[in-house]
Amino acid sequence: MLIAIHRIRDRSDTRLSNMTTLNSILCSVLLLNPFALHAQIGDSLLYQRFGMGLVHSSMIGEYHARPEDSAVIRALDSFLLEHVPDLWTRFEHHLDGPVRFEFFPSLNAAQHLCGWDTLTARSDDRTRLGCAHYIRKIQMVMPGTSIAGDSIYAAWGGFQKVMLHEYTHSMTYDIIGDEQIDRIPWWITEGLACLVAEQFHYGPSFRDLVQQRLDESSVPSVKDLHTDYLHVELLYGWSWLLCDFITTTYGWDRMLAIQSDFKHPRRILGRSYKALDREWLDHLRNKPAIHL
Ligand SMILES: [Zn+2]
């Protein structure tokens with residue numbers, strides 16, 4: 001099925017632009033098919049399907065969305081312009097040139113584009129808002145176009161914080177390089193993004209969970225958090241806690257050093273993973289906010 005779509009597109013790119021009915025059919029096939037493999041198909045057909053194009057650009061981003069979404073996009077860009085320079089200072093690094101933002105007015109489109117590019121959509125049944133799996137490309141669902149999407153944005157601290165989180169991923173990937181994107185431990189990527197976007201706090205439910213895991217002696221180890229075997233929210237929460245622990249115990253500079261040289265945490269912290277796990281447990285047991 002997908003090979004056929006490729007061939008149609010290759011033969012008649014220009015003719016295809018006028019074939020809106022065919023586009024609709026193909027888009028439906030693409031959205032229903034979680035095994036589709038290349039975002040170029042989505043970029044082309046979904047852009048036409050949704051009437052998307054470049055609606056705004058700045059030193060931070062080139063924003064692709066529907067023209068009617070441009071006011072929201074401009075407000076987002078203002079937010080990022082205000083906050084990203086602080087990120088550059090904190091990470092002692094800045095991105096040369098803008099990031100390409102793609103805002104799809106459909107949760108399915110954002111999720112499946114993400115899946116094609118990262119090959120993760122087939123692996124579980126999570127609902128995603130989109131993804132940042134590149135140095136310079138972030139694909140998301142446009143806020144205000146999906147009730148499910150908006151409720152997920154709210155659960156993650158709101159649309160602006162989510163964007164700051166995704167932009168932080170682009171920063172991390174730029175620091176470590178393209179070839180390392182699939183190798184950096186999840187807890188570093190996600191924990192740092194949640195930390196700088198301030199998406200977590202010691203709310204009662206999370207505090208209870210940490211306490212319960214402490215009581216059960218089932219707090220995940222650092223190595224447990226290298227990949228995402230936990231439910232996503234827990235993985236992000238534990239990753240945030242771990243980055244917070246390292247930052248408060250060893251300092252932000254060493255957290256940054258671990259990010260850029262993640263294969264050698266022992267060299268940076270002077271601790272084995274086992275010793276680090278013990279320290280982390282002590283930190284969680286003694287962190288006053290958890291025992292409020
Ligand atoms: Zn993330």
# chains A, B, ... in the order shown; residues from 1 in each chain; ligands from 1
call {"tool": "residues_near_ligand", "arguments": {"ligand": "ligand 1", "cutoff": "7 Å", "atoms": "only C-alpha atoms and all ligand atoms", "output": "count of residues only"}}
result
6
call {"tool": "closest_atom_pairs", "arguments": {"of": "region 105-219 of chain A", "to": "region 73-90 of chain A", "cutoff": "10 Å", "atoms": "only C-alpha atoms", "output": "CSV"}}
result
residue,atom,partner,partner_atom,distance
A:Met142,CA,A:Ile73,CA,9.1
A:Pro143,CA,A:Ile73,CA,9.8
A:Phe159,CA,A:Leu76,CA,8.8
A:Gln160,CA,A:Leu76,CA,6.8
A:Lys161,CA,A:Leu80,CA,9.7
A:Met163,CA,A:Leu80,CA,8.1
A:Leu164,CA,A:Leu80,CA,7.2
A:Tyr167,CA,A:Val84,CA,8.3
A:Thr168,CA,A:Leu87,CA,7.8
A:Met171,CA,A:Trp88,CA,8.3
A:Val196,CA,A:Leu87,CA,7.8
A:Ala197,CA,A:Leu87,CA,9.5
call {"tool": "residues_around", "arguments": {"residues": "Asp244 (chain A)", "least_positions_apart": "5", "cutoff": "12 Å", "atoms": "only C-alpha atoms", "output": "list in words"}}
result
Trp187, Ile188, Glu190, Gly191, Leu192, Ala193, Cys194, Leu195, Val196, Glu198, Phe200, His201, Tyr202, Tyr236, Gly237, Trp238, Ser239, Thr249, Tyr250, Gly251, Trp252, Arg254, Met255, Trp280, His283, Leu284 and Lys287 of chain A
call {"tool": "write_last_selection", "arguments": {"atoms": "C-alpha atoms", "output": "PDB file, in the first residue's frame"}}
result
ATOM      1  CA  TRP A 187      16.360  10.042  32.146  1.00  0.00           C
ATOM      2  CA  ILE A 188      18.837  12.677  30.966  1.00  0.00           C
ATOM      3  CA  GLU A 190      13.406  13.801  29.595  1.00  0.00           C
ATOM      4  CA  GLY A 191      14.511  14.703  33.106  1.00  0.00           C
ATOM      5  CA  LEU A 192      16.381  17.791  31.945  1.00  0.00           C
ATOM      6  CA  ALA A 193      13.527  18.917  29.685  1.00  0.00           C
ATOM      7  CA  CYS A 194      10.999  18.532  32.531  1.00  0.00           C
ATOM      8  CA  LEU A 195      13.368  20.295  34.911  1.00  0.00           C
ATOM      9  CA  VAL A 196      14.021  23.405  32.812  1.00  0.00           C
ATOM     10  CA  GLU A 198       9.295  23.292  35.287  1.00  0.00           C
ATOM     11  CA  PHE A 200       6.768  18.698  37.648  1.00  0.00           C
ATOM     12  CA  HIS A 201       6.374  19.578  41.270  1.00  0.00           C
ATOM     13  CA  TYR A 202       6.010  17.592  44.432  1.00  0.00           C
ATOM     14  CA  TYR A 236       9.280  11.396  33.332  1.00  0.00           C
ATOM     15  CA  GLY A 237       8.639  11.949  37.024  1.00  0.00           C
ATOM     16  CA  TRP A 238      11.503   9.721  38.176  1.00  0.00           C
ATOM     17  CA  SER A 239      13.790  11.222  35.526  1.00  0.00           C
ATOM     18  CA  THR A 249      23.895  17.443  44.946  1.00  0.00           C
ATOM     19  CA  TYR A 250      26.639  17.820  42.341  1.00  0.00           C
ATOM     20  CA  GLY A 251      25.730  21.129  40.691  1.00  0.00           C
ATOM     21  CA  TRP A 252      24.296  22.204  37.356  1.00  0.00           C
ATOM     22  CA  ARG A 254      28.133  18.447  36.297  1.00  0.00           C
ATOM     23  CA  MET A 255      24.583  17.792  35.164  1.00  0.00           C
ATOM     24  CA  TRP A 280      19.728   8.890  45.366  1.00  0.00           C
ATOM     25  CA  HIS A 283      18.310  11.922  48.978  1.00  0.00           C
ATOM     26  CA  LEU A 284      14.696  10.849  48.414  1.00  0.00           C
ATOM     27  CA  LYS A 287      14.098  15.391  50.891  1.00  0.00           C
TER      28      LYS A 287
END
call {"tool": "closest_residue", "arguments": {"among": "A:Leu276, A:Arg267, A:Thr145, A:Thr172", "to": "Pro220 (chain A)", "atoms": "only C-alpha atoms"}}
result
A:Leu276
call {"tool": "select_by_dssp", "arguments": {"residues": "region 32-280 of chain A", "states": "strand (DSSP E or B)", "output": "PyMOL selection string"}}
result
chain A and resi 53-57+61-65+99-104+130-131+137-141
call {"tool": "select_by_dssp", "arguments": {"residues": "region 118-210 of chain A", "states": "helix (DSSP H, G or I)", "output": "count of residues only"}}
result
52
call {"tool": "residues_around", "arguments": {"residues": "Asp261 (chain A)", "least_positions_apart": "4", "cutoff": "10 Å", "atoms": "only C-alpha atoms", "output": "MDAnalysis selection string"}}
result
chainID A and resid 175:176 184 255:257 265 267:268
call {"tool": "write_last_selection", "arguments": {"atoms": "N, CA and C atoms", "output": "mmCIF file, in the first residue's frame"}}
result
data_model
loop_
_atom_site.group_PDB
_atom_site.id
_atom_site.type_symbol
_atom_site.label_atom_id
_atom_site.label_comp_id
_atom_site.auth_asym_id
_atom_site.auth_seq_id
_atom_site.Cartn_x
_atom_site.Cartn_y
_atom_site.Cartn_z
ATOM 1 N N ILE A 175 23.688 19.374 21.121
ATOM 2 C CA ILE A 175 24.904 19.236 21.946
ATOM 3 C C ILE A 175 25.558 17.862 21.738
ATOM 4 N N ILE A 176 24.737 16.809 21.701
ATOM 5 C CA ILE A 176 25.329 15.453 21.616
ATOM 6 C C ILE A 176 25.550 15.004 20.174
ATOM 7 N N ILE A 184 21.441 8.401 24.026
ATOM 8 C CA ILE A 184 21.440 9.109 25.314
ATOM 9 C C ILE A 184 20.347 8.524 26.215
ATOM 10 N N MET A 255 25.744 18.311 35.892
ATOM 11 C CA MET A 255 24.583 17.792 35.164
ATOM 12 C C MET A 255 24.777 18.018 33.665
ATOM 13 N N LEU A 256 25.256 19.200 33.299
ATOM 14 C CA LEU A 256 25.521 19.486 31.885
ATOM 15 C C LEU A 256 26.626 18.574 31.339
ATOM 16 N N ALA A 257 27.623 18.315 32.189
ATOM 17 C CA ALA A 257 28.720 17.440 31.742
ATOM 18 C C ALA A 257 28.204 16.035 31.463
ATOM 19 N N PRO A 265 29.359 8.713 33.231
ATOM 20 C CA PRO A 265 28.920 9.419 34.444
ATOM 21 C C PRO A 265 29.881 9.201 35.617
ATOM 22 N N ARG A 267 33.103 8.970 35.500
ATOM 23 C CA ARG A 267 34.231 9.888 35.356
ATOM 24 C C ARG A 267 33.830 11.292 35.834
ATOM 25 N N ILE A 268 32.587 11.649 35.621
ATOM 26 C CA ILE A 268 32.147 13.001 35.948
ATOM 27 C C ILE A 268 31.777 13.122 37.429
#
call {"tool": "residues_around", "arguments": {"residues": "Arg285 (chain A)", "least_positions_apart": "5", "cutoff": "12 Å", "atoms": "only C-alpha atoms", "output": "PDB file with N, CA and C atoms, in the first residue's frame"}}
result
ATOM      1  N   ARG A 207       4.099  12.729  45.403  1.00  0.00           N
ATOM      2  CA  ARG A 207       4.777  12.533  46.684  1.00  0.00           C
ATOM      3  C   ARG A 207       4.385  11.165  47.272  1.00  0.00           C
ATOM      4  N   VAL A 210       6.183   8.385  45.400  1.00  0.00           N
ATOM      5  CA  VAL A 210       7.596   8.263  45.790  1.00  0.00           C
ATOM      6  C   VAL A 210       7.693   7.590  47.155  1.00  0.00           C
ATOM      7  N   GLN A 211       6.829   8.033  48.071  1.00  0.00           N
ATOM      8  CA  GLN A 211       6.856   7.448  49.411  1.00  0.00           C
ATOM      9  C   GLN A 211       6.536   5.955  49.368  1.00  0.00           C
ATOM     10  N   GLN A 212       5.541   5.615  48.551  1.00  0.00           N
ATOM     11  CA  GLN A 212       5.152   4.202  48.418  1.00  0.00           C
ATOM     12  C   GLN A 212       6.310   3.368  47.883  1.00  0.00           C
ATOM     13  N   ARG A 213       6.985   3.886  46.861  1.00  0.00           N
ATOM     14  CA  ARG A 213       8.126   3.152  46.288  1.00  0.00           C
ATOM     15  C   ARG A 213       9.276   3.049  47.291  1.00  0.00           C
ATOM     16  N   LEU A 214       9.448   4.097  48.090  1.00  0.00           N
ATOM     17  CA  LEU A 214      10.480   4.029  49.136  1.00  0.00           C
ATOM     18  C   LEU A 214      10.121   2.948  50.147  1.00  0.00           C
ATOM     19  N   ASP A 215       8.846   2.931  50.561  1.00  0.00           N
ATOM     20  CA  ASP A 215       8.392   1.922  51.536  1.00  0.00           C
ATOM     21  C   ASP A 215       8.562   0.511  50.988  1.00  0.00           C
ATOM     22  N   SER A 217      10.718  -0.388  48.787  1.00  0.00           N
ATOM     23  CA  SER A 217      12.095  -0.554  48.260  1.00  0.00           C
ATOM     24  C   SER A 217      12.072  -0.831  46.766  1.00  0.00           C
ATOM     25  N   VAL A 219      12.165   1.817  44.329  1.00  0.00           N
ATOM     26  CA  VAL A 219      12.546   3.012  43.556  1.00  0.00           C
ATOM     27  C   VAL A 219      13.414   2.562  42.386  1.00  0.00           C
ATOM     28  N   PHE A 245      18.037  15.708  41.684  1.00  0.00           N
ATOM     29  CA  PHE A 245      18.993  15.216  42.694  1.00  0.00           C
ATOM     30  C   PHE A 245      20.428  15.523  42.272  1.00  0.00           C
ATOM     31  N   ARG A 278      22.504   4.442  45.729  1.00  0.00           N
ATOM     32  CA  ARG A 278      22.397   4.557  47.195  1.00  0.00           C
ATOM     33  C   ARG A 278      22.226   6.021  47.610  1.00  0.00           C
ATOM     34  N   GLU A 279      23.018   6.885  46.978  1.00  0.00           N
ATOM     35  CA  GLU A 279      22.912   8.311  47.294  1.00  0.00           C
ATOM     36  C   GLU A 279      21.540   8.856  46.938  1.00  0.00           C
ATOM     37  N   TRP A 280      21.030   8.391  45.817  1.00  0.00           N
ATOM     38  CA  TRP A 280      19.728   8.890  45.366  1.00  0.00           C
ATOM     39  C   TRP A 280      18.618   8.480  46.340  1.00  0.00           C
ATOM     40  N   ILE A 290       9.138  15.890  50.180  1.00  0.00           N
ATOM     41  CA  ILE A 290       8.418  14.640  49.983  1.00  0.00           C
ATOM     42  C   ILE A 290       7.645  14.255  51.245  1.00  0.00           C
ATOM     43  N   HIS A 291       8.117  14.694  52.380  1.00  0.00           N
ATOM     44  CA  HIS A 291       7.491  14.280  53.641  1.00  0.00           C
ATOM     45  C   HIS A 291       6.519  15.320  54.201  1.00  0.00           C
TER      46      HIS A 291
END
call {"tool": "residues_around", "arguments": {"residues": "Gly177 (chain A)", "least_positions_apart": "3", "cutoff": "12 Å", "atoms": "only C-alpha atoms", "output": "count of residues only"}}
result
18
call {"tool": "residues_around", "arguments": {"residues": "Ser106 (chain A)", "least_positions_apart": "5", "cutoff": "10 Å", "atoms": "only C-alpha atoms", "output": "count of residues only"}}
result
12
call {"tool": "closest_residue", "arguments": {"among": "A:Ile138, A:Phe262, A:Arg100, A:Phe91", "to": "Met59 (chain A)", "atoms": "only C-alpha atoms"}}
result
A:Arg100
call {"tool": "closest_residue", "arguments": {"among": "A:Pro185, A:Asp96, A:Trp156, A:Pro105", "to": "Arg66 (chain A)", "atoms": "only C-alpha atoms"}}
result
A:Pro105
call {"tool": "atom_distance", "arguments": {"atom1": "CA of Ala109 (chain A)", "atom2": "CA of Gly61 (chain A)"}}
result
20.6 Å
call {"tool": "decode", "arguments": {"residues": "region 47-60 of chain A", "atoms": "C-alpha atoms", "output": "PDB file, in the first residue's frame"}}
result
ATOM      1  CA  TYR A  47       0.353  19.764   4.481  1.00  0.00           C
ATOM      2  CA  GLN A  48      -1.979  19.930   1.517  1.00  0.00           C
ATOM      3  CA  ARG A  49      -4.780  18.145   3.335  1.00  0.00           C
ATOM      4  CA  PHE A  50      -4.755  20.613   6.192  1.00  0.00           C
ATOM      5  CA  GLY A  51      -3.809  23.700   4.159  1.00  0.00           C
ATOM      6  CA  MET A  52      -0.596  24.135   6.136  1.00  0.00           C
ATOM      7  CA  GLY A  53       2.281  26.396   5.221  1.00  0.00           C
ATOM      8  CA  LEU A  54       4.885  28.694   6.715  1.00  0.00           C
ATOM      9  CA  VAL A  55       2.918  31.167   8.844  1.00  0.00           C
ATOM     10  CA  HIS A  56       5.661  32.827  10.862  1.00  0.00           C
ATOM     11  CA  SER A  57       9.421  32.834  11.331  1.00  0.00           C
ATOM     12  CA  SER A  58      11.885  34.279  13.791  1.00  0.00           C
ATOM     13  CA  MET A  59      15.369  33.564  15.114  1.00  0.00           C
ATOM     14  CA  ILE A  60      13.810  30.763  17.211  1.00  0.00           C
TER      15      ILE A  60
END
